[in-house]
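Structure first, then comments.
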Amino acid sequence: MVKLDLNRSILIVDDEESIRTYLAMDLEQDGYEVHKAENGRKGMGLLTKIHVDVVLLDLNLGDINGIEILREIQRLDIQVVPIVITAYGDIRSAVEAMKLSAFDYITKPFDADDIKIVIEKAFKFIGLENHINLLERQVDQFQYGELITCSSKMKDMLQLAEKVSATDSTILIHGETGTGKELVSSFIHRKSARNDKPFVTIDCTSLPENLMESELFGHEKGAFTGAINLKRGLFEVANEGTVFLNEIGELPSVLQSKILRVLESRTFRRIGSEKYLMTDVRVVAATNRNLGKMVEQGTFRSDLYYRLNVVPIEIPPLRERKEDIMPLVESFVAKLNKRVGKSISSVSNGAADLLLQYQWPGNIRELKNVVEHMVITCNGDHIGLNEISSEIKASATVECFNNFDFSCDEKCEIWPDFQTKKKEIIQNFEKSYALGLLKKNAYNISQCARDAQMHRSSFQRLMRKYDL
Ligand SMILES: Nc1ncnc2c1ncn2[C@@H]1O[C@H](COP(=O)(O)OP(=O)(O)OP(=O)(O)O)[C@@H](O)[C@H]1O
């Protein structure tokens, strides 16, 4: 489960049933959400499937011992605070557990109050950690305004944008649709010395050529039928500020030359006037097309391209910065909660996995719309698989089947024999299929068997075969 707010959850991994039962009852009474596992394997399984804040971990379990579990927690970077409990209390295992980042160490028999004090301390520690994360995020928010990101590619890009915002250079932003080109251009404006002057944006696809010209440069009264009054264009209105030309690749060639003139001589004419006017604007242009290729094909002026491309900025698509997906979801959910009066606080692991697997062709705009749909259709305070659209579910399944990789074989001197390769692919398929289905159905085996149209026992055989 991906928590959007802090609920307090604890996992007890202990082979003694009485400890599991009584401790769980006691902790549940104190308002904790408690999960239990009677051996190491089940404990490890739960740790990889659900999010818990604290794990109370017995060292001497029947199968995998607690020290090995601590090692796995470190290796898999599972975000949980381990508190070790053991009947033996020998100093060597205590030292080893602490080396493996155990938060504290308690020896059996223990008093329920003792363990509660340690648990409270652990939650205080988690609270502090969360506070530090929040402060770090607030620093980022302060730096980047509305832009949410924790991706290093994006941070590098924003650092470059901030650096060039101090100059008057023309900037060309390239990025797929919905990646945040307009947001980045307004960030550049805010960081520039022009930030108390206008920031005007125009989408070059939005109007036919003659209206676009009038929008950009204005017209004199009577310049054409319908020009009843003088109109000032964006280059006039935005004087001393920033003009953002979105989708510049769609601009007709006549207007391309007029923009070039503004960039070179800072002058333009209103439609119907002979007089050149001066303008002092910084131009930020954006496109999702390959302007270099358009120049080669003769559909975009090369001189304008070179003039615009003084500082190129590339915004990576969302699928190349998946670490941004859940922070964006969290931020959109929080805003929507306020707007529509809901209190959604978590996203299930299964739902988060699908959101992370999806390729997001419409990037952040698409994600924003999907989150809005999920929030509106969600009945409780938890977004689960029910809220995920069938399109996203279907595309994740296709991804899963496209993962058979022959690329390393192509480089191999010895081509694998047919049967070996076939067996390997079938095994990969069986494992991914069963794992995907288990995640989708939150490990409900009967439901998995129904979806797969298999007998329950056959599905269980599959699980055993791949140790799932
Ligand atoms: N990093 C981000 N953090 C928060 N919101 C974002 C981020 N990037 C984009 N958005 C939001 O996603 C939506 C699309 O962003 P924007 O309009 O800036 O993209 P664009 O690349 O200019 O799109 P287009 O190519 O269609 O013009 C907007 O609602 C914007 O607020």
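Chain identifiers are assigned as A, B, and so on, following the order in which chains appear in the structure tokens; residues are numbered from 1 within each chain, and ligands are numbered from 1 in order of appearance.
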
Which of stretch 64-111 of chain A DSSP labels alpha helix (DSSP H), written as a list in words: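 Restricting stretch 64-111 of chain A to alpha helix (DSSP H) produces Gly66, Ile67, Glu68, Ile69, Leu70, Arg71, Glu72, Ile73, Gln74, Arg75, Ile91, Arg92, Ser93, Ala94, Val95, Glu96, Ala97, Met98 and Lys99 of chain A.
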
Contacts of ligand 1, 6 Å or closer, only C-alpha atoms and all ligand atoms, given as a ChimeraX atom specification: /A:146-149,176-183,364-365

Nearby residues (only C-alpha atoms) at most 12 Å from A:Gln159, same-chain spacing under 4 positions excluded, as a list of chain:residue names: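 Near neighbours after the sequence-gap exclusion: A:Asp140, A:Gln143, A:Tyr144, A:Ser152, A:Lys153, A:Met154, A:Lys155, A:Lys163, A:Val164, A:Ser165, A:Ala166, A:Val184, A:Phe187, A:Ile188, A:Lys191, A:Ile313.
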
Using C-alpha atoms, can you export the residues from the last selection as a PDB file, in the first residue's frame?
```
ATOM      1  CA  ASP A 140      11.891  21.676  -3.770  1.00  0.00           C
ATOM      2  CA  GLN A 143      12.464  26.114  -5.766  1.00  0.00           C
ATOM      3  CA  TYR A 144      10.157  24.770  -8.448  1.00  0.00           C
ATOM      4  CA  SER A 152      17.383  13.833 -11.081  1.00  0.00           C
ATOM      5  CA  LYS A 153      16.901  14.272 -14.865  1.00  0.00           C
ATOM      6  CA  MET A 154      14.205  16.862 -14.185  1.00  0.00           C
ATOM      7  CA  LYS A 155      16.243  18.567 -11.479  1.00  0.00           C
ATOM      8  CA  LYS A 163      20.589  29.384 -14.988  1.00  0.00           C
ATOM      9  CA  VAL A 164      19.390  30.653 -18.380  1.00  0.00           C
ATOM     10  CA  SER A 165      16.402  32.469 -16.892  1.00  0.00           C
ATOM     11  CA  ALA A 166      18.864  35.062 -15.605  1.00  0.00           C
ATOM     12  CA  VAL A 184       8.627  25.057 -17.225  1.00  0.00           C
ATOM     13  CA  PHE A 187       9.111  28.750 -14.082  1.00  0.00           C
ATOM     14  CA  ILE A 188      11.713  30.430 -16.336  1.00  0.00           C
ATOM     15  CA  LYS A 191      13.004  33.096 -12.036  1.00  0.00           C
ATOM     16  CA  ILE A 313      15.869  22.388 -23.009  1.00  0.00           C
TER      17      ILE A 313
END
```
